[in-house]
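Notes follow the structure.
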Amino acid sequence: MANYETVKNSVENNGEVMIRLSSGEELELHKHNVKFDDNTKEIIVDAATEIYWVTADNIVYHWIHKEGIKKE
């Protein structure tokens, strides 16, 4: 399970983060479409057509895209 602070720091450091929820849904978090509520530890994602309130307990894992990076 990913924790709230880890996901928050990853968005800040990488600009975007993908998360998979325990329901199987995947969401893409970007600096411009996500807010972190430090009081409730909720992640609020504005996905254009819907808004999601996610608790870190429901995040199974997270990752970042490495597109454009060449492997040696």
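Scheme for the structure tokens: letters A, B, ... for chains in order shown; per-chain residue numbers from 1; ligand numbers from 1 in order shown.
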Tell me which protein, DNA and RNA residues are within 12 Å of A:Arg20, counting only C-alpha atoms, leaving out same-chain ones fewer than 5 positions away, and put them as a count of residues only. 19
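For the atom pair formed by atom CA of A:Asn3 and atom CA of A:Lys66, the distance is 21.5 Å, given to one decimal.
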Using Å and a single decimal, report how far atom CA of A:Leu21 sits from atom CA of A:Lys41.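 Those two atoms sit 15.4 Å apart.
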So what do you get for atom CA of A:His65 versus atom CA of A:Asn9, distance-wise?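 Interatomic distance here is 15.6 Å.
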Please identify all polymer residues within 9 Å of A:Trp53, counting only C-alpha atoms, omitting same-chain residues fewer than 6 positions from it, and present them as a list in words.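 So the residues in contact are Glu42, Ile43, Ile44 and Val45 of chain A.
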Identify, on the basis of only C-alpha atoms, every residue whose closest approach to A:Asp38 does not exceed 10 Å; exclude the query and any residue fewer than 5 positions from it along the same chain; express the result as a list in words.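 The residues satisfying every condition are Tyr4, Glu5, Lys8 and Ile43 of chain A.
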Generate a file of the selected residues that holds N, CA, C and O atoms, formatted as a compact mmCIF listing (two decimals), in the first residue's frame.
# COMPACT_ATOMS: atom_id res chain seq x y z
N TYR A 4 0.03 8.26 2.07
CA TYR A 4 -0.35 9.61 1.66
C TYR A 4 0.87 10.48 1.36
O TYR A 4 0.96 11.10 0.30
N GLU A 5 1.82 10.53 2.29
CA GLU A 5 2.99 11.40 2.12
C GLU A 5 3.85 10.96 0.93
O GLU A 5 4.40 11.79 0.21
N LYS A 8 2.06 12.13 -2.22
CA LYS A 8 2.15 13.59 -2.27
C LYS A 8 3.54 14.04 -2.71
O LYS A 8 3.69 14.88 -3.60
N ILE A 43 -6.85 12.64 -1.02
CA ILE A 43 -6.29 13.14 -2.27
C ILE A 43 -7.48 13.46 -3.16
O ILE A 43 -8.31 12.58 -3.43
Using DSSP secondary structure from the backbone, list all alpha helix (DSSP H) positions within chain A, as a list in words.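 Result set for chain A (alpha helix (DSSP H)): Tyr4, Glu5, Thr6, Val7, Lys8, Asn9, Ser10, Val11, Glu12, Asn13 and Asn14 of chain A.
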Restricted to all heavy atoms, what would the selected residues look like written as a compact mmCIF listing (two decimals), in the first residue's frame?
# COMPACT_ATOMS: atom_id res chain seq x y z
N TYR A 4 0.03 8.26 2.07
CA TYR A 4 -0.35 9.61 1.66
C TYR A 4 0.87 10.48 1.36
O TYR A 4 0.96 11.10 0.30
CB TYR A 4 -1.20 10.22 2.78
CG TYR A 4 -1.56 11.67 2.59
CD1 TYR A 4 -2.65 12.02 1.81
CD2 TYR A 4 -0.81 12.67 3.19
CE1 TYR A 4 -3.00 13.35 1.65
CE2 TYR A 4 -1.15 14.01 3.02
CZ TYR A 4 -2.24 14.34 2.25
OH TYR A 4 -2.58 15.65 2.07
N GLU A 5 1.82 10.53 2.29
CA GLU A 5 2.99 11.40 2.12
C GLU A 5 3.85 10.96 0.93
O GLU A 5 4.40 11.79 0.21
CB GLU A 5 3.84 11.43 3.40
CG GLU A 5 3.16 12.13 4.56
CD GLU A 5 2.89 13.61 4.30
OE1 GLU A 5 3.66 14.27 3.56
OE2 GLU A 5 1.90 14.12 4.84
N THR A 6 3.97 9.65 0.71
CA THR A 6 4.76 9.14 -0.41
C THR A 6 4.16 9.59 -1.74
O THR A 6 4.88 10.05 -2.62
CB THR A 6 4.84 7.60 -0.36
OG1 THR A 6 5.44 7.21 0.87
CG2 THR A 6 5.64 7.05 -1.51
N VAL A 7 2.85 9.46 -1.87
CA VAL A 7 2.18 9.88 -3.11
C VAL A 7 2.28 11.39 -3.28
O VAL A 7 2.59 11.89 -4.36
CB VAL A 7 0.71 9.40 -3.14
CG1 VAL A 7 -0.04 9.98 -4.33
CG2 VAL A 7 0.64 7.87 -3.16
N LYS A 8 2.06 12.13 -2.22
CA LYS A 8 2.15 13.59 -2.27
C LYS A 8 3.54 14.04 -2.71
O LYS A 8 3.69 14.88 -3.60
CB LYS A 8 1.81 14.17 -0.89
CG LYS A 8 1.84 15.68 -0.83
CD LYS A 8 1.47 16.17 0.56
CE LYS A 8 1.55 17.67 0.64
NZ LYS A 8 1.17 18.17 1.96
N ASN A 9 4.57 13.46 -2.12
CA ASN A 9 5.95 13.81 -2.48
C ASN A 9 6.28 13.40 -3.91
O ASN A 9 7.00 14.11 -4.62
CB ASN A 9 6.93 13.18 -1.51
CG ASN A 9 6.87 13.80 -0.14
OD1 ASN A 9 6.46 14.95 0.02
ND2 ASN A 9 7.25 13.04 0.87
N SER A 10 5.76 12.28 -4.34
CA SER A 10 6.02 11.81 -5.70
C SER A 10 5.41 12.75 -6.73
O SER A 10 6.03 13.06 -7.75
CB SER A 10 5.49 10.39 -5.88
OG SER A 10 5.95 9.84 -7.07
N VAL A 11 4.19 13.24 -6.48
CA VAL A 11 3.57 14.21 -7.40
C VAL A 11 4.42 15.48 -7.43
O VAL A 11 4.69 16.02 -8.50
CB VAL A 11 2.11 14.53 -6.99
CG1 VAL A 11 1.57 15.71 -7.78
CG2 VAL A 11 1.22 13.32 -7.20
N GLU A 12 4.84 15.94 -6.28
CA GLU A 12 5.65 17.16 -6.21
C GLU A 12 6.98 17.00 -6.96
O GLU A 12 7.39 17.88 -7.70
CB GLU A 12 5.91 17.54 -4.74
CG GLU A 12 6.68 18.82 -4.57
CD GLU A 12 5.97 20.05 -5.12
OE1 GLU A 12 4.74 20.12 -5.07
OE2 GLU A 12 6.68 20.95 -5.65
N ASN A 13 7.62 15.87 -6.78
CA ASN A 13 8.95 15.65 -7.37
C ASN A 13 8.91 15.26 -8.84
O ASN A 13 9.83 15.59 -9.59
CB ASN A 13 9.71 14.59 -6.59
CG ASN A 13 10.05 15.03 -5.21
OD1 ASN A 13 10.25 16.20 -4.93
ND2 ASN A 13 10.12 14.09 -4.29
N ASN A 14 7.87 14.55 -9.26
CA ASN A 14 7.82 14.02 -10.62
C ASN A 14 6.82 14.73 -11.53
O ASN A 14 6.83 14.51 -12.73
CB ASN A 14 7.49 12.52 -10.59
CG ASN A 14 8.54 11.75 -9.84
OD1 ASN A 14 9.70 11.74 -10.22
ND2 ASN A 14 8.15 11.10 -8.76
How would you write, as an NGL selection string, the set of residues in chain A that DSSP gives as strand (DSSP E)? :A and (16-21 or 26-30 or 34-37 or 42-46 or 51-55 or 59-63)
